[in-house]
Amino acid sequence: MANDSEPFSEKLRVPEALTFDDVLLRPKESRVEPDEADTATRVSKNVELNVPVLTAAMDTVTESDMAIAMARQGGLGVLHRNMDTDEMATEIERVKRYDELIIRDVVTAHPEQTVREVDRMMDRKGVSGAPVVDDETGKVLGIISGTDIRPYLEVGESDAVTEAMTDEVITASEDVTPRAALELMYDHKIERVPIVDEENRLVGLITMGGVLKRREYDNAARDEDGHLRVGAAVGPFEVDRAAAAGEAGVDVLFIDCAHAHNANVIDSAREIKATVDADVVVGNIGTSEAAEAVVDFADGVKVGIGPGSICTTRVVTGAGMPQITAVSQVADVASQHDVPVIADGGIRYSGDAIKAIAAGADAVMLGSYFAGTDEAPGRVIQMNGKKYKQYRGMGSVGAMSEGGGERYLKEDDEDEDYVPEGVEAATPYKGSLASELHQLVGGMQSGMGYVGAETIPEFKQRSEFVRVSSAGHQESHPHDVMITDEAPNYSPDS
Ligand code: XMP
């Protein structure tokens with residue numbers, strides 16, 4: 001570094017920093033078939049995922065629909081914070097309740113009702129059966145379904161529901177497993193099991209449809225109570241939002257800052273960590289010194305200073321760190337403290353994602369890759385006969401004017417005279433998240449196969465890079481041909 005005794009020209013003795021296209025994984029002897037590669041990982045100290053992928057906390061990428069779809073597939077959606085605190089709490093609760101094994105908001109019938117009334121009520125509420133509950137005690141007296149009601153409706157509609165209901169009710173307690181609940185239903189040829197406390201008071205309901213639906217997502221990322229996992233972004237100084245998100249049940253909070261290696265941000269992040277029960281991931285950072293500054297309290301660190309597809313940070317501020325080097329520098333420190341690393345931004349292909357893991361990341365976060373899916377909130381736009389979805393940087397003028405400025409340590413500017421660090425853009429419409437994620441994870445598993453690693457930790461140890469020349473890079477992409485049919489996992493425009 002130049003100082004009184006050092007000439008400025010010393011500054012030009014610069015270290016090299018590399019990114020995705022500068023390196024390739026060195027193929028190694030392998031017995032691992034891609035399908036066998038296990039992608040389970042940790043995103044923070046206490047949160048495991050089956051798929052090492054997160055969707056970005058951006059207002060054109062992750063709201064509750066995306067978070068639900070991601071968690072069902074085994075990954076994690078991180079809700080953006082361009083919404084007020086109450087809205088965020090509602091979004092978190094929606095994800096946590098989705099695919100819930102035990103329905104808490106149960107439609108019930110009451111003993112004084114007639115079969116006709118119950119029939120109408122079930123119709124209105126869209127259910128095909130209901131526990132009959134004593135109004136005063138909350139105890140389950142019976143259970144009634146459309147099949148029980150039908151013969152009564154034929155002859156007289158004013159019979160009391162207690163006449164028609166089944167009063168020998170098969171119930172279970174709250175700790176019943178999905179498997180045990182299903183066995184009960186099969187054994188007794190029933191479709192729903194009321195969940196009761198020790199006093200036989202109704203606390204919930206499990207339906208066969210609900211259990212079977214959850215089975216479709218056997219790779220889902222769930223907490224210890226079986227609820228889907230969800231992440232949420234909070235501004236570096238938003239202690240209140242963090243507390244509200246924690247109360248709503250968020251699994252991982254992400255301190256959302258473009259440059260977290262800032263003493264005020266770190267002080268506030270420490271306070272947030274002390275306030276909430278959820279894991280706290282601190283980001284973004286891009287150097288080993290930044291990692292040193294946060295690893296004593298962070299449950300995870302997120303890496304990326306300017307690699308994102310919509311980012312202009314590097315050209316606007318002149319600062320940044322090419323992503324493969326940034327990830328490896330942070331991982332050198334974080335791995336010594338058992339703190340998971342997330343590589344955030346710049347990933348265009350599955351090959352980039354698995355290179356980030358080889359560089360030391362435990363999971364990857366993507367924005368543009370998923371912004372074109374149905375589950376992303378951006379609107380669909382038609383241009384020249386092709387469909388696109390809106391995708392914008394959280395440091396773009398549009399996103400900042402809706403509250404995203406704090407990420408860039410800037411106050412909300414009433415004159416909207418922002419100095420943006422991102423652009424507003426569009427990305428090709430891609431259909432369902434499940435098929436995009438399938439391509440991404442399938443490509444990553446193939447990468448693990450080329451290196452002969454069965455698990456993510458093994459892959460991180462076993463993988464090696466080779467440096468790629470610009471001729472080598474050209475050779476890596478399809479060349480000397482005209483592509484006639486689009487591949488589901490490759491676009492020359494990426
Ligand atoms: P990709 O490349 O996946 O990147 O689209 C998503 C990540 O980019 C970051 N991000 C920004 N960075 N200006 C920036 O410098 C911005 O306006 C901006 N918006 C998002 C963020 O880390 C995200 O996950």
# chains A, B, ... in the order shown; residues from 1 in each chain; ligands from 1

call {"tool": "select_by_dssp", "arguments": {"residues": "stretch 15-252 of chain A", "states": "alpha helix (DSSP H)", "output": "number ranges by chain"}}
result
A: 64-72, 85-97, 115-125, 146-155, 161-164, 178-188, 208-216, 239-248

call {"tool": "residues_around", "arguments": {"residues": "stretch 292-308 of chain A", "least_positions_apart": "3", "cutoff": "7 Å", "atoms": "only C-alpha atoms", "output": "ChimeraX atom specification"}}
result
/A:43-45,258,270,279-286,288-289,311-314,320-323,326-327,333-334,337,339-346

call {"tool": "residues_around", "arguments": {"residues": "A:Gly403", "least_positions_apart": "3", "cutoff": "8 Å", "atoms": "only C-alpha atoms", "output": "list in words"}}
result
Arg81, Asn82, Met83, Ala399, Met400, Glu406 and Asp412 of chain A

call {"tool": "residues_around", "arguments": {"residues": "stretch 175-192 of chain A", "least_positions_apart": "6", "cutoff": "6 Å", "atoms": "only C-alpha atoms", "output": "mmCIF file with N, CA and C atoms, in the first residue's frame"}}
result
data_model
loop_
_atom_site.group_PDB
_atom_site.id
_atom_site.type_symbol
_atom_site.label_atom_id
_atom_site.label_comp_id
_atom_site.auth_asym_id
_atom_site.auth_seq_id
_atom_site.Cartn_x
_atom_site.Cartn_y
_atom_site.Cartn_z
ATOM 1 N N ILE A 206 -56.220 -33.494 10.650
ATOM 2 C CA ILE A 206 -55.339 -33.970 9.576
ATOM 3 C C ILE A 206 -56.209 -34.647 8.532
ATOM 4 N N THR A 207 -55.990 -34.315 7.258
ATOM 5 C CA THR A 207 -56.774 -34.964 6.203
ATOM 6 C C THR A 207 -55.869 -35.851 5.360
ATOM 7 N N MET A 208 -56.476 -36.858 4.732
ATOM 8 C CA MET A 208 -55.683 -37.763 3.888
ATOM 9 C C MET A 208 -55.081 -36.976 2.717
#

call {"tool": "residues_around", "arguments": {"residues": "A:Pro377", "least_positions_apart": "5", "cutoff": "10 Å", "atoms": "only C-alpha atoms", "output": "PDB file with N, CA, C and O atoms, in the first residue's frame"}}
result
ATOM      1  N   MET A  58     -35.223 -10.176  -3.559  1.00  0.00           N
ATOM      2  CA  MET A  58     -35.455  -9.068  -4.495  1.00  0.00           C
ATOM      3  C   MET A  58     -36.949  -8.990  -4.802  1.00  0.00           C
ATOM      4  O   MET A  58     -37.630 -10.016  -4.857  1.00  0.00           O
ATOM      5  N   ASP A  59     -37.446  -7.768  -5.049  1.00  0.00           N
ATOM      6  CA  ASP A  59     -38.901  -7.623  -5.190  1.00  0.00           C
ATOM      7  C   ASP A  59     -39.425  -8.137  -6.532  1.00  0.00           C
ATOM      8  O   ASP A  59     -40.641  -8.146  -6.740  1.00  0.00           O
ATOM      9  N   THR A  60     -38.549  -8.572  -7.410  1.00  0.00           N
ATOM     10  CA  THR A  60     -39.005  -9.264  -8.620  1.00  0.00           C
ATOM     11  C   THR A  60     -38.613 -10.746  -8.583  1.00  0.00           C
ATOM     12  O   THR A  60     -38.650 -11.425  -9.615  1.00  0.00           O
ATOM     13  N   VAL A  61     -38.226 -11.231  -7.404  1.00  0.00           N
ATOM     14  CA  VAL A  61     -37.845 -12.659  -7.308  1.00  0.00           C
ATOM     15  C   VAL A  61     -38.613 -13.390  -6.196  1.00  0.00           C
ATOM     16  O   VAL A  61     -39.278 -14.388  -6.473  1.00  0.00           O
ATOM     17  N   THR A  62     -38.514 -12.905  -4.943  1.00  0.00           N
ATOM     18  CA  THR A  62     -39.028 -13.747  -3.856  1.00  0.00           C
ATOM     19  C   THR A  62     -40.091 -13.086  -2.985  1.00  0.00           C
ATOM     20  O   THR A  62     -39.798 -12.178  -2.203  1.00  0.00           O
ATOM     21  N   GLU A  63     -41.321 -13.582  -3.150  1.00  0.00           N
ATOM     22  CA  GLU A  63     -42.391 -13.356  -2.175  1.00  0.00           C
ATOM     23  C   GLU A  63     -42.843 -14.745  -1.737  1.00  0.00           C
ATOM     24  O   GLU A  63     -42.165 -15.728  -2.039  1.00  0.00           O
ATOM     25  N   SER A  64     -43.981 -14.832  -1.054  1.00  0.00           N
ATOM     26  CA  SER A  64     -44.306 -16.125  -0.440  1.00  0.00           C
ATOM     27  C   SER A  64     -44.523 -17.244  -1.462  1.00  0.00           C
ATOM     28  O   SER A  64     -44.174 -18.393  -1.195  1.00  0.00           O
ATOM     29  N   ASP A  65     -45.063 -16.934  -2.653  1.00  0.00           N
ATOM     30  CA  ASP A  65     -45.262 -18.004  -3.646  1.00  0.00           C
ATOM     31  C   ASP A  65     -43.926 -18.668  -3.991  1.00  0.00           C
ATOM     32  O   ASP A  65     -43.818 -19.896  -4.082  1.00  0.00           O
ATOM     33  N   MET A  66     -42.911 -17.825  -4.218  1.00  0.00           N
ATOM     34  CA  MET A  66     -41.584 -18.357  -4.553  1.00  0.00           C
ATOM     35  C   MET A  66     -41.000 -19.115  -3.359  1.00  0.00           C
ATOM     36  O   MET A  66     -40.428 -20.198  -3.513  1.00  0.00           O
ATOM     37  N   ALA A 371     -35.954 -15.230 -11.879  1.00  0.00           N
ATOM     38  CA  ALA A 371     -36.890 -14.094 -12.008  1.00  0.00           C
ATOM     39  C   ALA A 371     -37.906 -14.318 -13.126  1.00  0.00           C
ATOM     40  O   ALA A 371     -38.975 -13.709 -13.132  1.00  0.00           O
ATOM     41  N   GLY A 372     -37.585 -15.205 -14.070  1.00  0.00           N
ATOM     42  CA  GLY A 372     -38.493 -15.447 -15.183  1.00  0.00           C
ATOM     43  C   GLY A 372     -39.506 -16.546 -14.919  1.00  0.00           C
ATOM     44  O   GLY A 372     -40.292 -16.900 -15.803  1.00  0.00           O
ATOM     45  N   LYS A 389     -40.163 -11.499 -18.122  1.00  0.00           N
ATOM     46  CA  LYS A 389     -40.671 -10.978 -16.840  1.00  0.00           C
ATOM     47  C   LYS A 389     -39.747  -9.862 -16.385  1.00  0.00           C
ATOM     48  O   LYS A 389     -38.539  -9.884 -16.656  1.00  0.00           O
ATOM     49  N   GLN A 390     -40.376  -8.928 -15.676  1.00  0.00           N
ATOM     50  CA  GLN A 390     -39.619  -7.796 -15.182  1.00  0.00           C
ATOM     51  C   GLN A 390     -38.589  -8.293 -14.161  1.00  0.00           C
ATOM     52  O   GLN A 390     -38.880  -9.184 -13.358  1.00  0.00           O
ATOM     53  N   TYR A 391     -37.390  -7.747 -14.187  1.00  0.00           N
ATOM     54  CA  TYR A 391     -36.357  -8.075 -13.190  1.00  0.00           C
ATOM     55  C   TYR A 391     -35.551  -6.818 -12.935  1.00  0.00           C
ATOM     56  O   TYR A 391     -35.021  -6.224 -13.873  1.00  0.00           O
TER      57      TYR A 391
END

call {"tool": "select_by_dssp", "arguments": {"residues": "stretch 316-355 of chain A", "states": "strand (DSSP E)", "output": "PDB file with all heavy atoms, in the first residue's frame"}}
result
ATOM      1  N   VAL A 341     -21.172 -20.564   4.142  1.00  0.00           N
ATOM      2  CA  VAL A 341     -20.963 -19.460   3.193  1.00  0.00           C
ATOM      3  C   VAL A 341     -21.967 -19.583   2.051  1.00  0.00           C
ATOM      4  O   VAL A 341     -22.158 -20.671   1.498  1.00  0.00           O
ATOM      5  CB  VAL A 341     -19.530 -19.544   2.610  1.00  0.00           C
ATOM      6  CG1 VAL A 341     -19.318 -18.485   1.528  1.00  0.00           C
ATOM      7  CG2 VAL A 341     -18.487 -19.407   3.714  1.00  0.00           C
ATOM      8  N   ILE A 342     -22.591 -18.465   1.711  1.00  0.00           N
ATOM      9  CA  ILE A 342     -23.521 -18.444   0.570  1.00  0.00           C
ATOM     10  C   ILE A 342     -22.922 -17.555  -0.511  1.00  0.00           C
ATOM     11  O   ILE A 342     -22.557 -16.404  -0.233  1.00  0.00           O
ATOM     12  CB  ILE A 342     -24.897 -17.881   1.001  1.00  0.00           C
ATOM     13  CG1 ILE A 342     -25.482 -18.747   2.112  1.00  0.00           C
ATOM     14  CG2 ILE A 342     -25.854 -17.814  -0.188  1.00  0.00           C
ATOM     15  CD1 ILE A 342     -26.527 -18.036   2.937  1.00  0.00           C
ATOM     16  N   ALA A 343     -22.817 -18.075  -1.728  1.00  0.00           N
ATOM     17  CA  ALA A 343     -22.312 -17.286  -2.864  1.00  0.00           C
ATOM     18  C   ALA A 343     -23.505 -16.635  -3.547  1.00  0.00           C
ATOM     19  O   ALA A 343     -24.383 -17.325  -4.054  1.00  0.00           O
ATOM     20  CB  ALA A 343     -21.573 -18.188  -3.835  1.00  0.00           C
ATOM     21  N   ASP A 344     -23.542 -15.315  -3.548  1.00  0.00           N
ATOM     22  CA  ASP A 344     -24.726 -14.586  -4.001  1.00  0.00           C
ATOM     23  C   ASP A 344     -24.418 -13.746  -5.242  1.00  0.00           C
ATOM     24  O   ASP A 344     -23.662 -12.773  -5.169  1.00  0.00           O
ATOM     25  CB  ASP A 344     -25.200 -13.676  -2.844  1.00  0.00           C
ATOM     26  CG  ASP A 344     -26.321 -12.737  -3.252  1.00  0.00           C
ATOM     27  OD1 ASP A 344     -26.963 -12.976  -4.281  1.00  0.00           O
ATOM     28  OD2 ASP A 344     -26.547 -11.764  -2.511  1.00  0.00           O
TER      29      ASP A 344
END

call {"tool": "residues_around", "arguments": {"residues": "A:Glu93", "least_positions_apart": "5", "cutoff": "10 Å", "atoms": "only C-alpha atoms", "output": "list in words"}}
result
Ser64, Glu87, Met88, Tyr98, Val230, Ala245, Glu247, Ala248, Gly249 and Val250 of chain A

call {"tool": "write_last_selection", "arguments": {"atoms": "all heavy atoms", "output": "short mmCIF file (atom, residue, chain, number, x, y, z; two decimals), in the first residue's frame"}}
result
data_model
loop_
_atom_site.label_atom_id
_atom_site.label_comp_id
_atom_site.auth_asym_id
_atom_site.auth_seq_id
_atom_site.Cartn_x
_atom_site.Cartn_y
_atom_site.Cartn_z
N SER A 64 -43.98 -14.83 -1.05
CA SER A 64 -44.31 -16.12 -0.44
C SER A 64 -44.52 -17.24 -1.46
O SER A 64 -44.17 -18.39 -1.20
CB SER A 64 -45.51 -16.00 0.49
OG SER A 64 -46.60 -15.43 -0.18
N GLU A 87 -46.73 -6.73 6.56
CA GLU A 87 -46.86 -7.55 5.34
C GLU A 87 -45.82 -8.68 5.35
O GLU A 87 -46.12 -9.81 4.99
CB GLU A 87 -46.56 -6.67 4.13
CG GLU A 87 -47.69 -6.49 3.16
CD GLU A 87 -47.25 -5.52 2.08
OE1 GLU A 87 -47.10 -4.32 2.35
OE2 GLU A 87 -47.03 -5.99 0.96
N MET A 88 -44.62 -8.35 5.77
CA MET A 88 -43.58 -9.38 5.81
C MET A 88 -43.96 -10.49 6.79
O MET A 88 -43.81 -11.68 6.49
CB MET A 88 -42.22 -8.78 6.17
CG MET A 88 -41.14 -9.83 6.27
SD MET A 88 -39.51 -9.17 6.54
CE MET A 88 -38.90 -9.06 4.88
N TYR A 98 -48.20 -23.17 5.10
CA TYR A 98 -48.49 -23.91 3.87
C TYR A 98 -48.08 -25.36 4.05
O TYR A 98 -47.11 -25.64 4.75
CB TYR A 98 -47.69 -23.30 2.71
CG TYR A 98 -48.49 -23.20 1.45
CD1 TYR A 98 -49.37 -22.14 1.25
CD2 TYR A 98 -48.38 -24.17 0.47
CE1 TYR A 98 -50.11 -22.05 0.10
CE2 TYR A 98 -49.12 -24.09 -0.68
CZ TYR A 98 -49.98 -23.02 -0.86
OH TYR A 98 -50.71 -22.93 -2.01
N VAL A 230 -38.32 -20.80 5.64
CA VAL A 230 -38.37 -19.54 4.90
C VAL A 230 -37.31 -18.58 5.46
O VAL A 230 -37.01 -18.59 6.65
CB VAL A 230 -39.79 -18.90 4.98
CG1 VAL A 230 -40.20 -18.58 6.41
CG2 VAL A 230 -39.89 -17.67 4.11
N ALA A 245 -40.18 -10.39 12.26
CA ALA A 245 -39.97 -11.57 11.41
C ALA A 245 -39.68 -12.79 12.28
O ALA A 245 -40.17 -13.89 12.02
CB ALA A 245 -38.82 -11.32 10.43
N GLU A 247 -40.71 -13.28 15.33
CA GLU A 247 -41.96 -13.69 15.97
C GLU A 247 -42.87 -14.43 15.00
O GLU A 247 -43.60 -15.34 15.38
CB GLU A 247 -42.69 -12.47 16.50
CG GLU A 247 -42.75 -12.47 18.00
CD GLU A 247 -43.11 -11.12 18.53
OE1 GLU A 247 -44.22 -10.66 18.21
OE2 GLU A 247 -42.28 -10.54 19.25
N ALA A 248 -42.83 -14.03 13.73
CA ALA A 248 -43.68 -14.68 12.73
C ALA A 248 -43.16 -16.08 12.38
O ALA A 248 -43.83 -16.83 11.68
CB ALA A 248 -43.77 -13.81 11.48
N GLY A 249 -41.95 -16.41 12.83
CA GLY A 249 -41.46 -17.77 12.64
C GLY A 249 -40.41 -17.94 11.56
O GLY A 249 -40.14 -19.06 11.11
N VAL A 250 -39.78 -16.84 11.14
CA VAL A 250 -38.76 -16.97 10.08
C VAL A 250 -37.63 -17.89 10.56
O VAL A 250 -37.31 -17.93 11.75
CB VAL A 250 -38.22 -15.55 9.72
CG1 VAL A 250 -37.26 -15.03 10.77
CG2 VAL A 250 -37.57 -15.56 8.34
#

call {"tool": "atom_distance", "arguments": {"atom1": "atom CA of A:Asp105", "atom2": "atom CA of A:Glu198"}}
result
19.3 Å

call {"tool": "residues_around", "arguments": {"residues": "A:Glu224", "least_positions_apart": "4", "cutoff": "12 Å", "atoms": "only C-alpha atoms", "output": "MDAnalysis selection string"}}
result
chainID A and resid 46:48 96 175 177 228:229 251

call {"tool": "write_last_selection", "arguments": {"atoms": "C-alpha atoms", "output": "PDB file, in the first residue's frame"}}
result
ATOM      1  CA  ASN A  46     -28.770 -24.455  12.393  1.00  0.00           C
ATOM      2  CA  VAL A  47     -30.610 -24.675   9.086  1.00  0.00           C
ATOM      3  CA  GLU A  48     -30.131 -27.532   6.654  1.00  0.00           C
ATOM      4  CA  LYS A  96     -44.877 -21.544   7.538  1.00  0.00           C
ATOM      5  CA  ASP A 175     -47.350 -35.368  18.068  1.00  0.00           C
ATOM      6  CA  THR A 177     -46.386 -38.388  12.558  1.00  0.00           C
ATOM      7  CA  LEU A 228     -41.639 -25.225   5.335  1.00  0.00           C
ATOM      8  CA  ARG A 229     -38.459 -23.203   5.829  1.00  0.00           C
ATOM      9  CA  ASP A 251     -35.988 -19.564   9.996  1.00  0.00           C
TER      10      ASP A 251
END

call {"tool": "atom_distance", "arguments": {"atom1": "atom CA of A:Val132", "atom2": "atom CA of A:Arg94"}}
result
27.1 Å

call {"tool": "closest_residue", "arguments": {"among": "A:Ile144, A:Ile483, A:Val193, A:Ala471", "to": "A:Asp22", "atoms": "only C-alpha atoms"}}
result
A:Ala471

call {"tool": "closest_residue", "arguments": {"among": "A:Val265, A:Val169, A:Val32, A:Val364", "to": "A:Tyr408", "atoms": "only C-alpha atoms"}}
result
A:Val265

call {"tool": "closest_residue", "arguments": {"among": "A:Phe20, A:Thr90, A:Ala244, A:Arg13", "to": "A:Thr325", "atoms": "only C-alpha atoms"}}
result
A:Phe20

call {"tool": "closest_residue", "arguments": {"among": "A:Ile170, A:Leu24, A:Ala160, A:Ile255", "to": "ligand 1", "atoms": "only C-alpha atoms and all ligand atoms"}}
result
A:Ile255

call {"tool": "closest_residue", "arguments": {"among": "A:Leu54, A:Ile381, A:Val106, A:Leu440", "to": "ligand 1", "atoms": "only C-alpha atoms and all ligand atoms"}}
result
A:Leu54

call {"tool": "atom_distance", "arguments": {"atom1": "atom CA of A:Glu6", "atom2": "atom CA of A:Ala319"}}
result
22.5 Å
